[in-house]
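coords_26.txt, holding compact mmCIF, C-alpha atoms and all ligand atoms:
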```txt
# COMPACT_ATOMS: atom_id res chain seq x y z
CA MET A 1 123.39 15.78 36.76
CA GLU A 2 126.12 17.68 34.95
CA GLU A 3 126.06 15.13 32.15
CA LEU A 4 122.29 15.48 31.93
CA LYS A 5 122.50 19.24 31.62
CA GLN A 6 125.12 18.85 28.91
CA ILE A 7 122.91 16.42 26.99
CA LYS A 8 120.02 18.91 27.14
CA LYS A 9 122.25 21.72 25.94
CA ASP A 10 123.72 19.62 23.11
CA PHE A 11 120.25 18.57 22.02
CA GLU A 12 118.99 22.15 21.91
CA ASN A 13 122.00 23.21 19.83
CA GLU A 14 121.66 20.31 17.41
CA ILE A 15 117.91 20.57 16.87
CA ALA A 16 118.25 24.26 16.05
CA GLU A 17 120.35 23.23 13.01
CA ILE A 18 117.94 20.61 11.67
CA ASN A 19 115.84 21.34 8.61
CA ASP A 20 114.87 17.97 7.19
CA ILE A 21 112.96 14.97 8.38
CA HIS A 22 115.80 12.43 7.91
CA ASN A 23 118.23 14.35 10.12
CA LEU A 24 115.48 14.80 12.65
CA GLU A 25 115.01 11.04 12.86
CA ALA A 26 118.77 10.58 13.25
CA LEU A 27 118.68 13.08 16.13
CA ARG A 28 115.87 11.17 17.80
CA VAL A 29 117.83 7.92 17.58
CA ALA A 30 120.98 9.65 18.91
CA TYR A 31 119.21 10.88 22.06
CA ILE A 32 116.24 8.71 22.91
CA GLY A 33 116.78 5.69 20.62
CA LYS A 34 117.73 2.30 22.17
CA LYS A 35 121.37 3.33 22.50
CA GLY A 36 120.73 7.07 22.69
CA LYS A 37 122.69 9.36 24.98
CA LEU A 38 119.73 9.89 27.32
CA THR A 39 118.60 6.26 27.24
CA LEU A 40 122.06 5.11 28.32
CA LEU A 41 121.88 7.41 31.37
CA MET A 42 118.69 5.77 32.66
CA PRO A 43 120.33 2.68 34.26
CA LYS A 44 122.67 4.96 36.16
CA ILE A 45 119.82 5.77 38.59
CA LYS A 46 120.49 2.48 40.32
CA GLU A 47 124.15 3.38 40.98
CA MET A 48 123.25 6.64 42.77
CA PRO A 49 122.85 7.25 46.45
CA VAL A 50 119.18 6.88 47.37
CA GLU A 51 118.72 10.57 48.38
CA GLN A 52 119.80 11.75 44.86
CA ARG A 53 117.72 9.27 42.92
CA LYS A 54 114.45 11.17 43.12
CA GLU A 55 115.87 14.47 41.85
CA PHE A 56 117.85 12.70 39.13
CA GLY A 57 114.84 10.66 38.08
CA GLN A 58 112.60 13.74 37.80
CA THR A 59 115.24 15.69 35.89
CA ILE A 60 115.95 12.90 33.42
CA ASN A 61 112.21 12.52 32.82
CA SER A 62 111.72 16.24 32.21
CA VAL A 63 114.67 16.27 29.77
CA LYS A 64 113.18 13.27 27.99
CA ASN A 65 109.77 15.00 27.76
CA LEU A 66 111.38 18.15 26.46
CA ILE A 67 113.31 16.19 23.81
CA GLU A 68 110.18 14.29 22.73
CA THR A 69 108.05 17.45 22.56
CA ASN A 70 110.69 19.34 20.57
CA LEU A 71 111.12 16.42 18.17
CA GLN A 72 107.35 16.10 17.63
CA GLU A 73 106.85 19.84 17.07
CA LEU A 74 109.66 20.06 14.56
CA LYS A 75 108.45 16.91 12.79
CA GLU A 76 104.98 18.45 12.27
CA LYS A 77 106.52 21.73 11.14
CA LEU A 78 108.80 20.02 8.58
CA GLU A 79 105.95 17.84 7.25
CA ASN A 80 103.70 20.86 6.78
CA GLU A 81 106.47 22.74 5.03
CA LYS A 82 106.97 19.75 2.70
CA ILE A 83 103.27 19.71 1.73
CA LEU A 84 103.18 23.49 1.18
CA ASN A 85 106.30 23.19 -0.91
CA GLU A 86 104.74 20.48 -3.08
CA ILE A 87 101.60 22.54 -3.57
CA ALA A 88 103.63 25.61 -4.52
CA ASN A 89 105.61 23.62 -7.09
CA GLU A 90 102.60 21.88 -8.64
CA GLN A 91 101.84 22.61 -12.29
CA PRO A 92 98.91 24.99 -12.17
CA ILE A 93 95.73 23.62 -13.81
CA ASP A 94 93.72 26.05 -15.86
CA ILE A 95 90.19 24.72 -15.70
CA THR A 96 89.02 27.29 -18.22
CA LEU A 97 91.19 25.88 -21.02
CA PRO A 98 89.16 24.19 -23.79
CA LEU A 99 89.54 20.41 -23.78
CA ASN A 100 90.55 18.99 -27.10
CA ILE A 101 88.71 15.73 -26.63
CA LYS A 102 86.43 14.60 -29.44
CA LYS A 103 83.48 12.85 -27.87
CA GLY A 104 81.43 10.40 -29.89
CA SER A 105 77.67 10.32 -29.92
CA LEU A 106 75.02 7.65 -30.12
CA HIS A 107 73.88 6.60 -33.58
CA PRO A 108 70.44 8.14 -34.24
CA ARG A 109 69.09 4.59 -34.49
CA THR A 110 70.51 3.69 -31.07
CA SER A 111 69.11 6.76 -29.34
CA LEU A 112 65.63 6.28 -30.87
CA GLN A 113 65.72 2.59 -29.97
CA LYS A 114 66.46 3.49 -26.34
CA GLU A 115 63.59 5.99 -26.41
CA ILE A 116 61.14 3.42 -27.76
CA GLU A 117 62.32 0.78 -25.32
CA ASP A 118 61.76 3.23 -22.45
CA VAL A 119 58.21 3.92 -23.61
CA PHE A 120 57.35 0.22 -23.82
CA VAL A 121 59.10 -0.65 -20.57
CA SER A 122 57.05 2.08 -18.87
CA MET A 123 53.93 0.27 -20.17
CA GLY A 124 55.09 -3.02 -18.63
CA PHE A 125 56.79 -4.62 -21.65
CA SER A 126 60.06 -6.51 -21.37
CA VAL A 127 62.83 -6.13 -23.96
CA GLU A 128 63.92 -9.46 -25.45
CA ASP A 129 66.85 -10.42 -27.65
CA GLY A 130 66.74 -12.24 -30.96
CA TYR A 131 69.40 -14.02 -33.00
CA GLU A 132 70.79 -12.78 -36.31
CA VAL A 133 71.51 -16.27 -37.64
CA GLU A 134 68.29 -18.24 -37.39
CA THR A 135 66.83 -21.58 -38.30
CA GLU A 136 64.50 -21.86 -41.27
CA TYR A 137 61.92 -23.18 -38.81
CA ASN A 138 61.91 -20.09 -36.57
CA ASN A 139 62.06 -17.58 -39.43
CA PHE A 140 59.30 -19.21 -41.48
CA ASP A 141 57.62 -22.45 -40.35
CA ALA A 142 56.99 -21.39 -36.73
CA VAL A 143 55.27 -18.20 -37.93
CA ASN A 144 52.88 -20.07 -40.18
CA VAL A 145 54.85 -19.82 -43.43
CA PRO A 146 55.20 -23.46 -44.48
CA LYS A 147 57.66 -24.68 -47.12
CA ASN A 148 56.64 -23.92 -50.70
CA HIS A 149 54.18 -21.27 -49.50
CA PRO A 150 54.35 -18.27 -51.85
CA ALA A 151 54.68 -15.93 -48.84
CA ARG A 152 58.31 -17.10 -48.49
CA ASP A 153 59.11 -15.34 -51.75
CA MET A 154 57.96 -12.01 -50.27
CA GLN A 155 61.31 -11.87 -48.48
CA ASP A 156 64.56 -12.47 -50.40
CA THR A 157 66.53 -14.57 -48.00
CA PHE A 158 70.29 -14.86 -47.48
CA TRP A 159 70.78 -18.61 -47.01
CA LEU A 160 73.85 -20.01 -45.28
CA ASP A 161 75.68 -23.17 -46.39
CA ASN A 162 74.51 -25.04 -43.30
CA GLY A 163 70.83 -24.52 -44.17
CA GLN A 164 70.35 -21.72 -41.67
CA LEU A 165 69.70 -18.11 -42.72
CA LEU A 166 70.20 -14.48 -41.79
CA LYS A 167 66.87 -13.59 -40.24
CA THR A 168 64.65 -11.68 -42.62
CA GLN A 169 62.30 -10.44 -39.91
CA THR A 170 62.23 -10.02 -36.14
CA SER A 171 59.17 -12.29 -36.23
CA ALA A 172 61.76 -15.10 -36.23
CA ALA A 173 61.99 -14.70 -32.45
CA GLN A 174 58.23 -15.02 -31.89
CA ASN A 175 58.19 -18.78 -31.32
CA ARG A 176 61.09 -18.70 -28.83
CA ILE A 177 59.55 -15.83 -26.84
CA LEU A 178 56.05 -17.37 -26.84
CA ARG A 179 57.55 -20.61 -25.51
CA LYS A 180 59.57 -18.74 -22.89
CA TYR A 181 56.47 -17.14 -21.33
CA ASN A 182 54.02 -19.93 -22.24
CA GLY A 183 51.06 -17.62 -21.56
CA PRO A 184 50.48 -13.93 -20.88
CA LEU A 185 53.34 -11.74 -22.05
CA LYS A 186 54.21 -8.21 -23.12
CA ALA A 187 57.49 -8.03 -24.99
CA ILE A 188 59.32 -6.06 -27.62
CA PHE A 189 62.33 -7.44 -29.49
CA PRO A 190 64.40 -5.06 -31.60
CA GLY A 191 66.84 -6.57 -34.06
CA ARG A 192 68.83 -6.44 -37.28
CA CYS A 193 67.26 -8.08 -40.32
CA PHE A 194 68.71 -9.00 -43.70
CA ARG A 195 67.15 -9.27 -47.15
CA ASN A 196 68.78 -9.72 -50.51
CA GLU A 197 67.07 -6.70 -52.01
CA ALA A 198 67.83 -4.07 -54.62
CA LEU A 199 68.87 -0.95 -52.68
CA ASP A 200 67.22 2.43 -52.98
CA HIS A 201 66.49 5.41 -50.73
CA SER A 202 64.08 3.34 -48.62
CA HIS A 203 65.48 -0.21 -48.97
CA GLU A 204 68.63 -1.62 -47.38
CA ASN A 205 69.92 -5.19 -47.34
CA THR A 206 70.57 -4.76 -43.61
CA PHE A 207 67.93 -2.93 -41.63
CA PHE A 208 66.26 -2.87 -38.25
CA GLN A 209 62.82 -3.80 -37.06
CA ILE A 210 61.25 -3.53 -33.63
CA GLU A 211 58.74 -6.26 -33.11
CA GLY A 212 56.24 -6.40 -30.29
CA MET A 213 53.78 -8.95 -28.94
CA LEU A 214 51.12 -8.86 -26.29
CA VAL A 215 49.41 -12.12 -25.31
CA ASP A 216 46.69 -12.49 -22.70
CA LYS A 217 43.05 -13.40 -22.34
CA ASN A 218 40.62 -11.31 -24.42
CA VAL A 219 43.20 -9.19 -26.26
CA SER A 220 41.63 -7.26 -29.12
CA VAL A 221 42.56 -4.90 -31.96
CA SER A 222 41.67 -1.95 -29.75
CA ASN A 223 44.54 -2.93 -27.41
CA LEU A 224 46.87 -2.91 -30.40
CA ILE A 225 45.67 0.55 -31.45
CA TYR A 226 46.05 1.91 -27.91
CA PHE A 227 49.66 0.78 -27.47
CA MET A 228 50.82 1.90 -30.94
CA LYS A 229 49.16 5.31 -30.58
CA LYS A 230 50.72 5.78 -27.16
CA MET A 231 54.20 4.78 -28.35
CA LEU A 232 54.13 7.05 -31.43
CA SER A 233 52.73 10.01 -29.49
CA GLU A 234 55.57 9.66 -26.96
CA VAL A 235 58.22 9.37 -29.67
CA PHE A 236 56.96 12.31 -31.71
CA LYS A 237 55.96 14.34 -28.63
CA THR A 238 52.56 15.12 -30.14
CA ASP A 239 49.19 13.42 -30.38
CA ILE A 240 49.42 10.96 -33.28
CA ASN A 241 46.38 9.42 -34.94
CA ILE A 242 46.61 6.04 -36.57
CA ARG A 243 44.50 4.07 -38.98
CA LEU A 244 44.49 0.42 -40.02
CA ARG A 245 44.17 -0.94 -43.54
CA PRO A 246 43.90 -4.64 -44.39
CA GLY A 247 47.28 -6.30 -44.97
CA PHE A 248 48.38 -9.87 -45.50
CA PHE A 249 50.95 -11.61 -43.32
CA PRO A 250 50.62 -15.35 -42.72
CA PHE A 251 51.31 -14.97 -38.99
CA VAL A 252 48.43 -12.60 -38.20
CA GLU A 253 44.70 -12.84 -38.70
CA PRO A 254 43.33 -10.30 -39.27
CA GLY A 255 46.44 -8.52 -40.56
CA PHE A 256 46.84 -4.78 -41.06
CA GLU A 257 49.07 -2.08 -42.39
CA MET A 258 49.14 0.71 -39.84
CA ASP A 259 49.42 4.34 -40.96
CA ALA A 260 50.08 7.33 -38.71
CA THR A 261 49.25 11.00 -39.28
CA CYS A 262 52.12 12.53 -41.22
CA THR A 263 54.57 14.00 -38.73
CA PHE A 264 55.75 16.59 -41.24
CA CYS A 265 52.42 18.26 -42.14
CA GLY A 266 50.26 17.08 -39.22
CA GLY A 267 47.87 15.37 -41.68
CA LYS A 268 47.28 18.32 -44.04
CA GLY A 269 49.19 16.70 -46.91
CA CYS A 270 52.77 17.28 -48.06
CA SER A 271 55.40 15.78 -50.36
CA THR A 272 56.59 13.28 -47.73
CA CYS A 273 53.13 11.73 -47.33
CA LYS A 274 52.33 12.17 -51.03
CA ASN A 275 49.53 14.56 -50.04
CA SER A 276 47.60 11.81 -48.29
CA GLY A 277 48.22 13.12 -44.75
CA TRP A 278 49.20 9.57 -43.70
CA LEU A 279 52.51 7.70 -43.40
CA GLU A 280 52.70 3.94 -43.72
CA LEU A 281 54.43 2.86 -40.51
CA CYS A 282 54.09 -0.73 -39.54
CA PRO A 283 52.43 -4.00 -40.34
CA CYS A 284 50.59 -5.63 -37.47
CA GLY A 285 47.63 -7.81 -36.56
CA MET A 286 46.17 -10.37 -34.21
CA ILE A 287 48.54 -13.33 -33.75
CA HIS A 288 47.39 -16.24 -35.91
CA PRO A 289 46.03 -19.19 -33.86
CA ASN A 290 48.51 -21.50 -35.66
CA VAL A 291 51.44 -19.41 -34.37
CA LEU A 292 50.18 -19.73 -30.79
CA SER A 293 49.56 -23.50 -31.20
CA LEU A 294 53.03 -24.08 -32.69
CA ALA A 295 54.46 -22.48 -29.52
CA GLY A 296 52.34 -24.66 -27.25
CA ILE A 297 49.83 -21.93 -26.32
CA ASN A 298 46.10 -22.72 -26.48
CA PRO A 299 44.51 -20.22 -28.95
CA ASN A 300 41.10 -20.85 -27.43
CA GLU A 301 42.35 -19.55 -24.11
CA TYR A 302 44.73 -16.81 -25.23
CA SER A 303 44.87 -14.22 -27.98
CA GLY A 304 47.35 -11.49 -28.76
CA PHE A 305 48.59 -8.86 -31.14
CA ALA A 306 51.93 -8.47 -32.88
CA PHE A 307 53.53 -5.66 -34.82
CA GLY A 308 56.76 -5.33 -36.82
CA LEU A 309 57.89 -1.72 -36.95
CA GLY A 310 60.28 -0.85 -39.80
CA PHE A 311 62.63 0.91 -37.49
CA ASP A 312 64.97 2.63 -39.98
CA ARG A 313 62.02 4.31 -41.62
CA LEU A 314 60.92 5.64 -38.25
CA VAL A 315 64.45 7.00 -37.69
CA MET A 316 64.21 8.71 -41.07
CA LEU A 317 60.92 10.33 -40.09
CA LYS A 318 62.34 11.49 -36.78
CA THR A 319 65.57 12.89 -38.23
CA GLY A 320 64.29 14.05 -41.61
CA LEU A 321 66.93 11.93 -43.39
CA ASP A 322 65.75 11.20 -46.91
CA ASP A 323 67.93 8.18 -47.69
CA ILE A 324 68.05 5.02 -45.56
CA ARG A 325 71.56 4.22 -46.83
CA TYR A 326 73.04 6.98 -44.64
CA LEU A 327 72.18 4.95 -41.55
CA ASN A 328 74.64 2.13 -42.33
CA SER A 329 77.17 4.35 -44.06
CA GLY A 330 79.28 5.38 -41.07
CA ASN A 331 79.24 8.87 -42.59
CA LEU A 332 80.04 10.98 -39.53
CA LYS A 333 79.22 14.26 -41.25
CA VAL A 334 75.64 13.08 -41.54
CA LEU A 335 75.23 10.93 -38.45
CA SER A 336 76.81 13.29 -35.93
CA GLN A 337 74.12 15.88 -36.72
CA PHE A 338 71.54 13.71 -35.05
CA GLY A 339 73.62 12.00 -32.41
CA VAL A 340 72.72 12.22 -28.78
CA LYS A 341 75.79 12.53 -26.58
CA ALA A 342 76.59 9.14 -25.09
C1 LIG B 401 57.49 -8.09 -41.82
O1 LIG B 401 58.70 -8.23 -41.78
C2 LIG B 401 56.64 -8.73 -40.74
N1 LIG B 401 57.42 -9.65 -39.99
C3 LIG B 401 56.09 -7.63 -39.84
C4 LIG B 401 54.98 -8.08 -38.94
C5 LIG B 401 55.27 -8.45 -37.64
C6 LIG B 401 53.67 -8.13 -39.41
C7 LIG B 401 54.27 -8.87 -36.81
C8 LIG B 401 52.67 -8.54 -38.57
C9 LIG B 401 52.96 -8.91 -37.27
P1 LIG B 401 57.49 -6.47 -43.85
O2 LIG B 401 58.20 -7.36 -44.76
O3 LIG B 401 56.43 -5.62 -44.44
O4 LIG B 401 56.83 -7.28 -42.60
O5 LIG B 401 58.54 -5.57 -43.08
C10 LIG B 401 58.16 -4.75 -42.01
C11 LIG B 401 58.78 -3.37 -42.11
O6 LIG B 401 60.20 -3.52 -42.19
C12 LIG B 401 58.40 -2.63 -43.37
O7 LIG B 401 57.22 -1.89 -43.17
C13 LIG B 401 59.59 -1.72 -43.59
O8 LIG B 401 59.44 -0.53 -42.82
C14 LIG B 401 60.73 -2.51 -43.01
N2 LIG B 401 61.51 -3.10 -44.12
C15 LIG B 401 61.24 -4.21 -44.81
N3 LIG B 401 62.17 -4.42 -45.76
C16 LIG B 401 63.07 -3.41 -45.65
C17 LIG B 401 64.29 -3.06 -46.32
N4 LIG B 401 64.79 -3.79 -47.31
N5 LIG B 401 64.92 -1.95 -45.91
C18 LIG B 401 64.44 -1.18 -44.90
N6 LIG B 401 63.32 -1.47 -44.23
C19 LIG B 401 62.64 -2.56 -44.59
```

Mind converting the file's structure to structure tokens?
Amino acid sequence: MEELKQIKKDFENEIAEINDIHNLEALRVAYIGKKGKLTLLMPKIKEMPVEQRKEFGQTINSVKNLIETNLQELKEKLENEKILNEIANEQPIDITLPLNIKKGSLHPRTSLQKEIEDVFVSMGFSVEDGYEVETEYNNFDAVNVPKNHPARDMQDTFWLDNGQLLKTQTSAAQNRILRKYNGPLKAIFPGRCFRNEALDHSHENTFFQIEGMLVDKNVSVSNLIYFMKKMLSEVFKTDINIRLRPGFFPFVEPGFEMDATCTFCGGKGCSTCKNSGWLELCPCGMIHPNVLSLAGINPNEYSGFAFGLGFDRLVMLKTGLDDIRYLNSGNLKVLSQFGVKA
């Protein structure tokens, strides 16, 4: 019992000196570890006279409890102190400081494309992909422009050595998409087009079109007018009127040029619309029966409309940019004025 009392006393003296977690662990091992002072006393119970065992057993247990409780309390205290210390020494963060991070923005073409896609998707259209390198068949033959037809000369084509070409129009994807659905479909397919043209403020050799097709039973020109009017009104956030004039494209019959009320003067007449009140926006028409047949769709059962929006020109109208060449220039001074934060 004397030894036990001494152990308790020693422990209390030693723990009072401890101020870090490593020494605390060493103290635990020294007293209640496998070969600790208190642990080694335990077997001695058996050597004692029976009448002393009970008292000794209770005392050794209470000393053990006291040691464990003291160790646990100090451990928690030291751990808390460590955390508070770390917090106190942390570099303060000033959340009011300006961040010197230059964020990019979406190209005006990209943000308008997303807007237009959203409008069409909300009307049940899917958004399809086209290729940039295309076969002569898809770009011309499959859309009813046979070899040696003068209509091929309307588009100055970049030919590749292997006989393929850089697509001159998004219409090059028509055949593939018509085959994919093989019947009713509503799809738009934006894409980059290439023509070997002389450049000016409204002509690029690399430009974008957004093409659309709707195929079903009994589709008429009024469906075409409805969807185009709806799309333009959403994009320009105002009611837009459109009108159709006859236009020739081998893949539509009848074919049209579609004009919209000038977004700058609201139709009154200004320099942008050359005082006509109208802006030429996009060629369109009812899909030619040959185009449907070439894609394996029966033109007696199905009809449809198609349009090919000159997308860069729409971006110019929306942004007020007066030269198409800015759009491919990478000129951040110009482009960042219209960018939508990504
Ligand atoms: C076509 O490309 C037809 N595939 C469009 C079409 C689709 C008609 C479906 C009917 C049905 P066009 O060559 O007119 O048509 O070009 C369409 C639009 O692309 C033009 O109105 C113009 O806005 C734009 N575009 C054409 N060439 C250029 C160019 N070099 N630079 C910028 N935009 C151009």

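The shortest atom-to-atom distance to Gln58 in chain A, with only C-alpha atoms taken into account, belongs to A:Met1 out of A:Gln113, A:Ala16, A:Met1, A:Phe227.
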
Name each residue within 7 Å of ligand LIG 401 (chain B), counting only C-alpha atoms and all ligand atoms, as an MDAnalysis selection string. chainID A and resid 155 168:171 195 197 202:209 211 249 251:252 255 281:285 306:313

I'd like the contact shell of range 73-87 of chain A - 12 Å cut-off, all atoms listed in the file, skipping same-chain residues fewer than 4 positions apart - returned as a list of chain:residue names. A:Ile15, A:Ala16, A:Glu17, A:Ile18, A:Asn19, A:Asp20, A:Ile21, A:His22, A:Asn23, A:Leu24, A:Glu25, A:Leu27, A:Arg28, A:Leu66, A:Ile67, A:Glu68, A:Thr69, A:Gln91, A:Pro92, A:Ile93

Which of these, A:Cys265, A:Ile210, A:Val133, A:Leu232, has the shortest distance to Asn162 in chain A once you count all atoms listed in the file? A:Val133

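The spacing separating CA of Val127 in chain A from CA of Asp153 in chain A amounts to 29.5 Å.
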
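The space separating CA of Gly247 in chain A from CA of Cys193 in chain A comes to 20.6 Å.
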
Name all residues at most 10 Å from Gly57 in chain A (count only C-alpha atoms; drop same-chain ones fewer than 5 positions away) and give them as an MDAnalysis selection string. chainID A and resid 42 44:45 52 62

Prev. selection, C-alpha atoms, output as an mmCIF file, in the frame of the given file:
```cif
data_model
loop_
_atom_site.group_PDB
_atom_site.id
_atom_site.type_symbol
_atom_site.label_atom_id
_atom_site.label_comp_id
_atom_site.auth_asym_id
_atom_site.auth_seq_id
_atom_site.Cartn_x
_atom_site.Cartn_y
_atom_site.Cartn_z
ATOM 1 C CA MET A 42 118.690 5.770 32.660
ATOM 2 C CA LYS A 44 122.670 4.960 36.160
ATOM 3 C CA ILE A 45 119.820 5.770 38.590
ATOM 4 C CA GLN A 52 119.800 11.750 44.860
ATOM 5 C CA SER A 62 111.720 16.240 32.210
#
```

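Nearest residue to Lys217 in chain A, choosing from A:Leu112, A:Arg53, A:Gly183, A:Leu327 and counting only C-alpha atoms: A:Gly183.
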
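Minimum atom-to-atom distance to Asp141 in chain A, evaluated using only C-alpha atoms, belongs to A:Leu294 out of A:Leu294, A:Ile324, A:Val315, A:Leu224.
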
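Each of A:Met48, A:Leu214, A:Ala295, A:Met154 was checked against Arg176 in chain A using all atoms listed in the file; the smallest atom-to-atom distance is that of A:Ala295.
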
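Counting only C-alpha atoms and comparing A:Phe256, A:Phe140, A:Tyr181, A:Tyr31, the residue that lies closest to Phe11 in chain A is A:Tyr31.
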
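Computed from the coordinates, the CA of Ser220 in chain A to CA of Leu292 in chain A distance equals 15.2 Å.
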
Taking every listed atom of range 329-338 of chain A and adding 5 Å to each side, what centre and edge lengths in Å (one decimal) does the axis-aligned box have, as AutoDock Vina command-line options?
```
--center_x 75.8 --center_y 10.1 --center_z -39.6 --size_x 18.5 --size_y 21.5 --size_z 19.0
```
